[in-house]
Amino acid sequence: MFRRDEALEGHVLLGLFFSLASCLLFTLISFSTPFINSIYFLYASQIRYGAFGYCVDSSGCIKPVLGYSGPGLTEWLTRTHIMYGLAALCMLLALIALFLSILQLGTIMRNPIFFRSMALLGTAFSLLATIFALINFVQARNRFNAQGTAAYYGPALWMGIGGTIAALLAAAIGGPQITARYMYRADNRVAYNL
């Protein structure tokens, strides 16, 4: 059973750190161009491509939309950027579950499986979103470079990779220890610790 006096143990602090880092990174990616112009996936011919749209340096940004078509991009792959927002939400729920587990509020929230399941779900969403973003923007960069236009990767692509690694580490090594207290056991008089 996770106790308050164990709150400063390494695995709990790692869970807090990696969950918070991945939640912040996924939130920033979700609000990339056209909301935050300095965070984008690809920069080519004065166009910054973000999660929900793109901005042209001279004329401004398009209206934020889920799934946009731009030169060199595949529209259905841009629709998958919504998974960064879902990953941020899952990692936020994992953080809340970890805080409630530390504070021991409610008997249900003492179970570390809520933190682990939300962190794993956030990792799955972020892994899929990052794979689709890599496929889309690597192909777009290659298309631009083949046409003679210089194209550069933006910080959002690297933030997605870093956030996915942080979410994976949070799910794998972070959070409270798993005990058998909330699992099925044949004899209630004996505690089976894992």
# chains A, B, ... in the order shown; residues from 1 in each chain; ligands from 1
$ residues_around --residues "A:Ser45" --least-positions-apart "2" --cutoff "10 Å" --atoms "only C-alpha atoms" --output "VMD selection string"
chain A and resid 43 47 to 48 56 to 57 144 149 to 152
$ write_last_selection --atoms "N, CA and C atoms" --output "short mmCIF file (atom, residue, chain, number, x, y, z; two decimals), in the first residue's frame"
data_model
loop_
_atom_site.label_atom_id
_atom_site.label_comp_id
_atom_site.auth_asym_id
_atom_site.auth_seq_id
_atom_site.Cartn_x
_atom_site.Cartn_y
_atom_site.Cartn_z
N TYR A 43 8.51 24.17 -41.37
CA TYR A 43 8.60 25.51 -41.95
C TYR A 43 9.11 25.36 -43.37
N ILE A 47 5.87 29.32 -44.76
CA ILE A 47 4.65 28.76 -44.18
C ILE A 47 5.05 27.90 -42.98
N ARG A 48 4.36 28.14 -41.85
CA ARG A 48 4.57 27.34 -40.64
C ARG A 48 3.35 26.45 -40.45
N VAL A 56 1.05 31.78 -42.92
CA VAL A 56 1.95 32.32 -43.92
C VAL A 56 2.55 33.59 -43.32
N ASP A 57 3.86 33.73 -43.41
CA ASP A 57 4.54 34.85 -42.76
C ASP A 57 4.01 36.20 -43.20
N PHE A 144 9.04 19.08 -50.49
CA PHE A 144 9.51 20.46 -50.64
C PHE A 144 10.96 20.50 -51.10
N THR A 149 12.67 23.77 -52.68
CA THR A 149 12.30 24.68 -51.59
C THR A 149 12.89 24.15 -50.29
N ALA A 150 13.56 25.01 -49.55
CA ALA A 150 14.15 24.59 -48.28
C ALA A 150 13.04 24.42 -47.24
N ALA A 151 13.03 23.28 -46.58
CA ALA A 151 12.04 22.99 -45.54
C ALA A 151 12.76 22.51 -44.29
N TYR A 152 12.29 22.99 -43.14
CA TYR A 152 12.94 22.67 -41.87
C TYR A 152 11.91 22.15 -40.87
#
$ residues_around --residues "A:Ala88" --least-positions-apart "3" --cutoff "8 Å" --atoms "only C-alpha atoms" --output "MDAnalysis selection string"
chainID A and resid 22:27 84:85 91:92 122
$ write_last_selection --atoms "N, CA and C atoms" --output "mmCIF file, in the first residue's frame"
data_model
loop_
_atom_site.group_PDB
_atom_site.id
_atom_site.type_symbol
_atom_site.label_atom_id
_atom_site.label_comp_id
_atom_site.auth_asym_id
_atom_site.auth_seq_id
_atom_site.Cartn_x
_atom_site.Cartn_y
_atom_site.Cartn_z
ATOM 1 N N SER A 22 5.215 15.596 -19.812
ATOM 2 C CA SER A 22 4.500 15.166 -21.015
ATOM 3 C C SER A 22 3.183 15.914 -21.176
ATOM 4 N N CYS A 23 2.492 16.183 -20.078
ATOM 5 C CA CYS A 23 1.235 16.934 -20.158
ATOM 6 C C CYS A 23 1.480 18.340 -20.700
ATOM 7 N N LEU A 24 2.526 18.999 -20.219
ATOM 8 C CA LEU A 24 2.848 20.340 -20.711
ATOM 9 C C LEU A 24 3.263 20.323 -22.181
ATOM 10 N N LEU A 25 4.081 19.351 -22.563
ATOM 11 C CA LEU A 25 4.519 19.278 -23.960
ATOM 12 C C LEU A 25 3.347 19.022 -24.900
ATOM 13 N N PHE A 26 2.457 18.103 -24.536
ATOM 14 C CA PHE A 26 1.315 17.809 -25.400
ATOM 15 C C PHE A 26 0.341 18.983 -25.464
ATOM 16 N N THR A 27 0.210 19.718 -24.367
ATOM 17 C CA THR A 27 -0.653 20.901 -24.381
ATOM 18 C C THR A 27 -0.074 21.980 -25.292
ATOM 19 N N TYR A 84 -2.875 14.493 -29.901
ATOM 20 C CA TYR A 84 -2.005 15.191 -28.945
ATOM 21 C C TYR A 84 -2.838 15.804 -27.819
ATOM 22 N N GLY A 85 -3.989 16.345 -28.152
ATOM 23 C CA GLY A 85 -4.885 16.870 -27.125
ATOM 24 C C GLY A 85 -5.431 15.776 -26.229
ATOM 25 N N MET A 91 -2.794 12.435 -19.698
ATOM 26 C CA MET A 91 -1.686 12.673 -18.768
ATOM 27 C C MET A 91 -2.117 13.596 -17.630
ATOM 28 N N LEU A 92 -3.039 14.519 -17.891
ATOM 29 C CA LEU A 92 -3.581 15.344 -16.814
ATOM 30 C C LEU A 92 -4.383 14.488 -15.838
ATOM 31 N N GLY A 122 -2.418 7.678 -22.368
ATOM 32 C CA GLY A 122 -1.769 8.879 -22.895
ATOM 33 C C GLY A 122 -0.559 8.546 -23.747
#
$ select_by_dssp --residues "chain A" --states "strand (DSSP E)" --output "list in words"
Leu42, Tyr43, Ala44, Ile47, Arg48, Tyr49, Tyr54, Cys55, Val56, Gly60, Cys61, Ala151, Tyr152 and Tyr153 of chain A
$ write_last_selection --atoms "C-alpha atoms" --output "short mmCIF file (atom, residue, chain, number, x, y, z; two decimals), in the first residue's frame"
data_model
loop_
_atom_site.label_atom_id
_atom_site.label_comp_id
_atom_site.auth_asym_id
_atom_site.auth_seq_id
_atom_site.Cartn_x
_atom_site.Cartn_y
_atom_site.Cartn_z
CA LEU A 42 7.41 22.24 -40.43
CA TYR A 43 8.60 25.51 -41.95
CA ALA A 44 8.69 25.68 -45.75
CA ILE A 47 4.65 28.76 -44.18
CA ARG A 48 4.57 27.34 -40.64
CA TYR A 49 2.50 24.17 -40.31
CA TYR A 54 -0.81 26.94 -40.83
CA CYS A 55 0.43 30.51 -40.97
CA VAL A 56 1.95 32.32 -43.92
CA GLY A 60 -1.41 35.64 -41.55
CA CYS A 61 -2.97 32.38 -40.40
CA ALA A 151 12.04 22.99 -45.54
CA TYR A 152 12.94 22.67 -41.87
CA TYR A 153 11.47 20.70 -38.99
#
$ closest_residue --among "A:Ile131, A:Gly148, A:Ile36, A:Ala167" --to "A:Ser117" --atoms "only C-alpha atoms"
A:Ala167
$ atom_distance --atom1 "atom CA of A:Leu16" --atom2 "atom CA of A:Ser126"
17.8 Å
$ atom_distance --atom1 "atom CA of A:Ala119" --atom2 "atom CA of A:Ala170"
6.7 Å
$ closest_residue --among "A:Asn37, A:Ser19, A:Thr123, A:Ser32" --to "A:Leu168" --atoms "only C-alpha atoms"
A:Thr123
$ closest_residue --among "A:Leu134, A:Leu127, A:Leu95, A:Ile113" --to "A:Leu20" --atoms "only C-alpha atoms"
A:Leu95
$ decode --residues "stretch 36-122 of chain A" --atoms "C-alpha atoms" --output "CSV table (one decimal), in the first residue's frame"
chain,number,residue,atom,x,y,z
A,36,ILE,CA,1.3,29.9,-30.8
A,37,ASN,CA,3.3,30.8,-33.9
A,38,SER,CA,6.7,29.9,-32.5
A,39,ILE,CA,5.7,26.2,-32.1
A,40,TYR,CA,5.2,24.4,-35.5
A,41,PHE,CA,5.9,21.1,-37.1
A,42,LEU,CA,7.4,22.2,-40.4
A,43,TYR,CA,8.6,25.5,-42.0
A,44,ALA,CA,8.7,25.7,-45.7
A,45,SER,CA,8.5,28.6,-48.2
A,46,GLN,CA,7.4,31.1,-45.5
A,47,ILE,CA,4.7,28.8,-44.2
A,48,ARG,CA,4.6,27.3,-40.6
A,49,TYR,CA,2.5,24.2,-40.3
A,50,GLY,CA,1.0,23.5,-36.9
A,51,ALA,CA,-1.5,21.1,-35.3
A,52,PHE,CA,-4.7,22.8,-36.4
A,53,GLY,CA,-3.6,25.0,-39.3
A,54,TYR,CA,-0.8,26.9,-40.8
A,55,CYS,CA,0.4,30.5,-41.0
A,56,VAL,CA,2.0,32.3,-43.9
A,57,ASP,CA,4.5,34.8,-42.8
A,58,SER,CA,3.3,37.7,-45.0
A,59,SER,CA,-0.5,37.2,-44.9
A,60,GLY,CA,-1.4,35.6,-41.5
A,61,CYS,CA,-3.0,32.4,-40.4
A,62,ILE,CA,-5.9,30.3,-41.5
A,63,LYS,CA,-8.8,29.7,-39.2
A,64,PRO,CA,-8.0,26.8,-36.8
A,65,VAL,CA,-9.5,23.6,-38.2
A,66,LEU,CA,-9.2,19.9,-37.5
A,67,GLY,CA,-7.6,18.4,-40.7
A,68,TYR,CA,-6.3,20.9,-43.1
A,69,SER,CA,-4.9,20.5,-46.6
A,70,GLY,CA,-1.7,22.4,-47.4
A,71,PRO,CA,0.9,22.1,-50.1
A,72,GLY,CA,2.7,18.8,-49.7
A,73,LEU,CA,0.6,17.6,-46.8
A,74,THR,CA,-1.8,14.7,-46.5
A,75,GLU,CA,-5.1,15.9,-45.1
A,76,TRP,CA,-6.2,12.8,-43.2
A,77,LEU,CA,-2.8,12.7,-41.4
A,78,THR,CA,-3.4,16.3,-40.2
A,79,ARG,CA,-6.6,15.1,-38.6
A,80,THR,CA,-4.6,12.8,-36.3
A,81,HIS,CA,-3.2,15.8,-34.4
A,82,ILE,CA,-6.2,15.7,-32.2
A,83,MET,CA,-4.5,12.8,-30.5
A,84,TYR,CA,-2.0,15.2,-28.9
A,85,GLY,CA,-4.9,16.9,-27.1
A,86,LEU,CA,-6.2,13.5,-26.0
A,87,ALA,CA,-2.8,12.5,-24.8
A,88,ALA,CA,-2.5,15.8,-22.8
A,89,LEU,CA,-5.9,15.1,-21.2
A,90,CYS,CA,-4.9,11.5,-20.3
A,91,MET,CA,-1.7,12.7,-18.8
A,92,LEU,CA,-3.6,15.3,-16.8
A,93,LEU,CA,-5.9,12.7,-15.5
A,94,ALA,CA,-2.9,10.5,-14.6
A,95,LEU,CA,-1.5,13.5,-12.7
A,96,ILE,CA,-4.7,14.0,-10.8
A,97,ALA,CA,-4.9,10.3,-10.0
A,98,LEU,CA,-1.3,10.4,-8.7
A,99,PHE,CA,-2.0,13.4,-6.5
A,100,LEU,CA,-5.2,11.8,-5.1
A,101,SER,CA,-3.2,8.6,-4.5
A,102,ILE,CA,-0.5,10.6,-2.6
A,103,LEU,CA,-3.1,12.4,-0.5
A,104,GLN,CA,-5.1,9.2,0.0
A,105,LEU,CA,-8.4,10.8,-0.7
A,106,GLY,CA,-11.0,8.1,-1.0
A,107,THR,CA,-10.4,4.4,-0.9
A,108,ILE,CA,-10.7,3.9,-4.6
A,109,MET,CA,-8.0,6.5,-5.4
A,110,ARG,CA,-5.4,4.7,-3.4
A,111,ASN,CA,-5.2,2.1,-6.1
A,112,PRO,CA,-2.3,2.9,-8.4
A,113,ILE,CA,-4.0,1.3,-11.4
A,114,PHE,CA,-5.8,4.5,-12.3
A,115,PHE,CA,-2.5,6.4,-12.7
A,116,ARG,CA,-0.9,3.6,-14.7
A,117,SER,CA,-4.0,3.1,-17.0
A,118,MET,CA,-4.2,6.8,-17.8
A,119,ALA,CA,-0.5,7.1,-18.3
A,120,LEU,CA,-0.5,4.1,-20.7
A,121,LEU,CA,-3.5,5.5,-22.6
A,122,GLY,CA,-1.8,8.9,-22.9
